[in-house]
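Remarks on the structure that follows.
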Amino acid sequence: MFGICNLSLVPCRKEPSDRAELVTQLLFGEHFQVLEVQGSWCRIKIAYDRYDCWIDKKQFLAISQSTFELLNSSDVFCTNELIQVITDKKTSQFFPVILGSTLPNFIEGECYIENQNYSYDGAFINIDLPSAKNEFIETALLYLNTPYLWGGKSPFGIDCSGFTQMVYKLNGAKLHRDAYQQAEQGETLSFVEEAEPGDLAFFDNEEGRIVHVGIVMSNNKIIHASGKVRIDGFDHQGIFNNDRKDYTHRLRLLKRIV
């Protein structure tokens with residue numbers, strides 16, 4: 001069984017319950033494989049990052065395996081505005097889509113999911129055409145002041161690794177979902193001085209577990225989601241919070257993905 005998100009933003013849970021921890025979100029147009037069904041809940045594997053989670057089966061549209069495979073092999077177009085609207089052509093009803101939503105089978109302002117057709121006239125990008133690395137920071141700044149939300153992936157609430165994943169996605173580079181998974185990608189850098197704007201910095205806790213990630217900027221700065229998406233000082237020790245005038249995150253390693 002396969003499905004696609006046909007709503008603006010769908011919560012994905014750690015367990016099959018509305019009370020369970022939010023671990024990530026599906027944006028409009030993201031497709032997935034259904035691995036298991038328990039009552040009104042489906043355990044899914046998201047095609048983009050192979051993330052495993054639970055969603056309510058009332059909150060997606062079932063698709064065929066051939067559609068799933070077509071989406072896997074087609075160019076991926078994404079919305080490139082903080083918020084826009086998309087219109088269901090059959091009902092003329094519209095609803096919001098947020099930055100980084102996928103426009104399945106997009107051509108000339110229209111996208112379709114089997115017998116569902118939508119029109120979209122906002123800004124979009126083809127994420128199969130990678131951006132120059134210097135554009136990563138420009139994208140990151142679109143999320144500035146977004147509130148922190150554990151499991152969030154939207155401009156209305158985002159966590160640290162959701163932030164880095166979305167910034168990279170919008171520039172044609174793929175990251176895993178969680179910080180510790182992202183830390184396993186790319187090339188390790190030896191010194192802070194080697195880092196370029198757009199590289200990733202990872203931070204650990206007292207037990208040595210990777211628990212935070214941010215995007216390196218120029219001039220000893222970093223942009224990251226902590227309370228909100230913010231810009232702070234950054235050096236070989238870690239993140240220096242400009243409001244608290246103290247270090248809040250201890251640097252573990254630096255990675256170059258692109």
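In the structure tokens, chains take letters A, B, ... by order of appearance, with residues numbered from 1 within each chain and ligands from 1 in the order shown.
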
**DSSP helix (DSSP H, G or I) residues within region 10-250 of chain A, as a VMD selection string** = chain A and resid 65 to 73 135 to 141 160 to 169 179 to 182 192 to 194

Those residues with C-alpha atoms, as a JSON list (two decimals), in the first residue's frame please?
[["chain", "number", "residue", "atom", "x", "y", "z"],
["A", 65, "GLN", "CA", 2.44, 1.39, -6.69],
["A", 66, "SER", "CA", 2.92, 2.67, -10.26],
["A", 67, "THR", "CA", 2.18, 6.23, -9.11],
["A", 68, "PHE", "CA", 4.58, 5.78, -6.19],
["A", 69, "GLU", "CA", 7.32, 4.59, -8.54],
["A", 70, "LEU", "CA", 6.61, 7.41, -11.00],
["A", 71, "LEU", "CA", 7.00, 9.96, -8.22],
["A", 72, "ASN", "CA", 10.28, 8.33, -7.18],
["A", 73, "SER", "CA", 11.69, 8.68, -10.68],
["A", 135, "GLU", "CA", 22.45, 30.13, -1.61],
["A", 136, "PHE", "CA", 21.97, 27.87, 1.42],
["A", 137, "ILE", "CA", 22.21, 30.77, 3.87],
["A", 138, "GLU", "CA", 19.72, 32.84, 1.89],
["A", 139, "THR", "CA", 17.24, 29.97, 2.21],
["A", 140, "ALA", "CA", 18.02, 29.51, 5.91],
["A", 141, "LEU", "CA", 17.16, 33.15, 6.57],
["A", 160, "CYS", "CA", 16.99, 21.82, 14.59],
["A", 161, "SER", "CA", 17.34, 18.89, 12.18],
["A", 162, "GLY", "CA", 14.05, 19.65, 10.44],
["A", 163, "PHE", "CA", 15.48, 23.11, 9.77],
["A", 164, "THR", "CA", 18.73, 21.82, 8.29],
["A", 165, "GLN", "CA", 16.91, 19.15, 6.28],
["A", 166, "MET", "CA", 14.48, 21.67, 4.76],
["A", 167, "VAL", "CA", 17.20, 24.21, 3.92],
["A", 168, "TYR", "CA", 19.23, 21.50, 2.19],
["A", 169, "LYS", "CA", 16.15, 20.08, 0.44],
["A", 179, "ALA", "CA", 20.62, 15.20, 13.82],
["A", 180, "TYR", "CA", 22.48, 12.00, 14.74],
["A", 181, "GLN", "CA", 21.63, 10.57, 11.29],
["A", 182, "GLN", "CA", 22.80, 13.73, 9.51],
["A", 192, "VAL", "CA", 36.28, 25.35, 12.60],
["A", 193, "GLU", "CA", 38.48, 27.46, 10.35],
["A", 194, "GLU", "CA", 37.90, 24.97, 7.51]]

**Message:** For Gln237 (chain A), find every residue with an atom within 10 Å (counting only C-alpha atoms), except residues of its own chain fewer than 2 positions away, and show them as a list of chain:residue names.
**Reply:** A:Val192, A:Phe203, A:Phe234, A:Asp235, A:Ile239, A:Phe240, A:Tyr247, A:Thr248, A:His249, A:Arg250, A:Leu251, A:Arg252

**Item:** Residue set, region 98-179 of chain A restricted to strand (DSSP E), as a ChimeraX atom specification
**Value:** /A:98,110-113,116-119,124-126,153-154,157-158

Next, the residues of the selection above should be written as a PDB file, in the first residue's frame with N, CA and C atoms.
ATOM      1  N   ILE A  98       2.908  25.246   2.357  1.00  0.00           N
ATOM      2  CA  ILE A  98       4.006  25.983   2.973  1.00  0.00           C
ATOM      3  C   ILE A  98       5.334  25.691   2.281  1.00  0.00           C
ATOM      4  N   GLU A 110       0.246  23.341 -12.983  1.00  0.00           N
ATOM      5  CA  GLU A 110      -0.687  22.331 -12.496  1.00  0.00           C
ATOM      6  C   GLU A 110       0.079  21.104 -12.007  1.00  0.00           C
ATOM      7  N   CYS A 111      -0.469  20.459 -10.986  1.00  0.00           N
ATOM      8  CA  CYS A 111       0.078  19.185 -10.549  1.00  0.00           C
ATOM      9  C   CYS A 111      -1.074  18.213 -10.354  1.00  0.00           C
ATOM     10  N   TYR A 112      -0.753  16.941 -10.420  1.00  0.00           N
ATOM     11  CA  TYR A 112      -1.823  15.965 -10.299  1.00  0.00           C
ATOM     12  C   TYR A 112      -1.340  14.736  -9.554  1.00  0.00           C
ATOM     13  N   ILE A 113      -2.304  14.116  -8.849  1.00  0.00           N
ATOM     14  CA  ILE A 113      -2.071  12.865  -8.140  1.00  0.00           C
ATOM     15  C   ILE A 113      -3.169  11.913  -8.602  1.00  0.00           C
ATOM     16  N   GLN A 116      -6.666  13.351  -9.044  1.00  0.00           N
ATOM     17  CA  GLN A 116      -6.770  14.624  -8.341  1.00  0.00           C
ATOM     18  C   GLN A 116      -5.883  15.651  -9.059  1.00  0.00           C
ATOM     19  N   ASN A 117      -6.472  16.776  -9.465  1.00  0.00           N
ATOM     20  CA  ASN A 117      -5.712  17.824 -10.145  1.00  0.00           C
ATOM     21  C   ASN A 117      -5.739  19.107  -9.331  1.00  0.00           C
ATOM     22  N   TYR A 118      -4.593  19.781  -9.310  1.00  0.00           N
ATOM     23  CA  TYR A 118      -4.453  21.015  -8.533  1.00  0.00           C
ATOM     24  C   TYR A 118      -3.798  22.085  -9.409  1.00  0.00           C
ATOM     25  N   SER A 119      -4.131  23.340  -9.137  1.00  0.00           N
ATOM     26  CA  SER A 119      -3.434  24.444  -9.800  1.00  0.00           C
ATOM     27  C   SER A 119      -2.652  25.233  -8.759  1.00  0.00           C
ATOM     28  N   PHE A 124       8.229  28.442  -7.431  1.00  0.00           N
ATOM     29  CA  PHE A 124       8.605  27.042  -7.259  1.00  0.00           C
ATOM     30  C   PHE A 124      10.035  26.853  -7.731  1.00  0.00           C
ATOM     31  N   ILE A 125      10.609  25.722  -7.337  1.00  0.00           N
ATOM     32  CA  ILE A 125      11.968  25.365  -7.766  1.00  0.00           C
ATOM     33  C   ILE A 125      12.010  23.870  -8.077  1.00  0.00           C
ATOM     34  N   ASN A 126      12.928  23.507  -8.949  1.00  0.00           N
ATOM     35  CA  ASN A 126      13.209  22.112  -9.234  1.00  0.00           C
ATOM     36  C   ASN A 126      14.400  21.706  -8.372  1.00  0.00           C
ATOM     37  N   LYS A 153       8.644  20.824  10.746  1.00  0.00           N
ATOM     38  CA  LYS A 153       9.355  21.020   9.478  1.00  0.00           C
ATOM     39  C   LYS A 153       8.832  22.242   8.715  1.00  0.00           C
ATOM     40  N   SER A 154       8.087  23.125   9.389  1.00  0.00           N
ATOM     41  CA  SER A 154       7.443  24.220   8.673  1.00  0.00           C
ATOM     42  C   SER A 154       7.874  25.578   9.199  1.00  0.00           C
ATOM     43  N   GLY A 157       6.773  26.244  12.809  1.00  0.00           N
ATOM     44  CA  GLY A 157       7.317  25.452  13.897  1.00  0.00           C
ATOM     45  C   GLY A 157       8.285  24.424  13.344  1.00  0.00           C
ATOM     46  N   ILE A 158       9.518  24.430  13.858  1.00  0.00           N
ATOM     47  CA  ILE A 158      10.556  23.573  13.264  1.00  0.00           C
ATOM     48  C   ILE A 158      11.558  23.187  14.331  1.00  0.00           C
TER      49      ILE A 158
END

**Fill in**
Using only C-alpha atoms, the best pick from A:Ala201, A:Val229, A:Ile257, A:Ile223 as closest to Pro155 (chain A) would be A:Val229

**Message:** To one decimal place in Å, what is the distance between CA of Ser92 (chain A) and CA of Leu9 (chain A)?
**Reply:**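 Computing the Euclidean distance for CA of Ser92 (chain A) and CA of Leu9 (chain A) yields 19.8 Å.
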
**Message:** One number please: CA of Asp159 (chain A) to CA of Phe202 (chain A), in Å, one decimal.
**Reply:**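 Separation between CA of Asp159 (chain A) and CA of Phe202 (chain A): 13.9 Å.
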
Which residues are close to region 128-134 of chain A, i.e. within 8 Å by only C-alpha atoms, leaving aside same-chain residues fewer than 6 positions away? Reply as a PDB file with C-alpha atoms, in the first residue's frame.
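Writing the result to around-v1.pdb gives the following:
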ATOM      1  CA  ASP A  75      11.907  15.539 -11.135  1.00  0.00           C
ATOM      2  CA  VAL A  76      10.822  17.068  -7.822  1.00  0.00           C
ATOM      3  CA  PHE A  77       9.346  20.557  -7.818  1.00  0.00           C
ATOM      4  CA  ASN A 171      18.784  23.669  -2.442  1.00  0.00           C
ATOM      5  CA  GLY A 172      18.805  20.203  -3.969  1.00  0.00           C
ATOM      6  CA  ALA A 173      20.806  18.369  -1.291  1.00  0.00           C
ATOM      7  CA  PRO A 197      28.923  28.923   4.975  1.00  0.00           C
ATOM      8  CA  GLY A 198      26.432  26.112   4.436  1.00  0.00           C
ATOM      9  CA  VAL A 258      28.168  19.587  -0.527  1.00  0.00           C
TER      10      VAL A 258
END

**Message:** Show me, as a PyMOL selection string, the residues that have an atom within 12 Å of Ser40 (chain A) when counting only C-alpha atoms, minus same-chain residues fewer than 3 positions from it.
**Reply:** chain A and resi 16-18+36-37+43+54-60

**Contacts of Leu35 (chain A) at 10 Å (only C-alpha atoms; same-chain gap of 6+ positions) as a PyMOL selection string** = chain A and resi 1-2+42-45+52-54

Write a file of the selected residues as a PDB file, in the first residue's frame, keeping C-alpha atoms.
ATOM      1  CA  MET A   1       0.000   0.000   0.000  1.00  0.00           C
ATOM      2  CA  PHE A   2       1.220   3.511  -0.824  1.00  0.00           C
ATOM      3  CA  CYS A  42      -0.601   3.474   9.465  1.00  0.00           C
ATOM      4  CA  ARG A  43       3.117   2.999   9.970  1.00  0.00           C
ATOM      5  CA  ILE A  44       4.845   4.522   6.964  1.00  0.00           C
ATOM      6  CA  LYS A  45       8.286   4.930   5.429  1.00  0.00           C
ATOM      7  CA  ASP A  52       9.642   5.493   9.783  1.00  0.00           C
ATOM      8  CA  CYS A  53       6.636   6.920  11.666  1.00  0.00           C
ATOM      9  CA  TRP A  54       2.876   6.653  12.235  1.00  0.00           C
TER      10      TRP A  54
END

**Asked** CA of Val213 (chain A) and CA of Arg13 (chain A) are how many Å apart?
**Response** 21.6 Å

**Non-local contacts of Leu200 (chain A) (6 Å; only C-alpha atoms; under 2 positions in same chain excluded) as a PyMOL selection string** = chain A and resi 214-216+254-255

**Item:** Asn80 (chain A) environment, 8 Å, only C-alpha atoms, sequence neighbours closer than 6 positions dropped, as a PyMOL selection string
**Value:** chain A and resi 99-100+122-125+170

Could you save the residues just selected, with C-alpha atoms, as a PDB file, in the first residue's frame?
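This is the output file result.pdb:
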ATOM      1  CA  LEU A  99       7.631  26.423   2.013  1.00  0.00           C
ATOM      2  CA  GLY A 100       9.162  23.186   0.709  1.00  0.00           C
ATOM      3  CA  GLY A 122       3.257  30.662  -6.813  1.00  0.00           C
ATOM      4  CA  ALA A 123       7.045  30.486  -6.888  1.00  0.00           C
ATOM      5  CA  PHE A 124       8.605  27.042  -7.259  1.00  0.00           C
ATOM      6  CA  ILE A 125      11.968  25.365  -7.766  1.00  0.00           C
ATOM      7  CA  LEU A 170      15.272  23.480  -1.020  1.00  0.00           C
TER       8      LEU A 170
END

**Message:** Using only C-alpha atoms, can you tell me which of A:Phe106, A:Leu253, A:Thr188, A:Arg230 comes closest to Leu142 (chain A)?
**Reply:**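 Looking only at the distances to Leu142 (chain A), the closest residue turns out to be A:Arg230.
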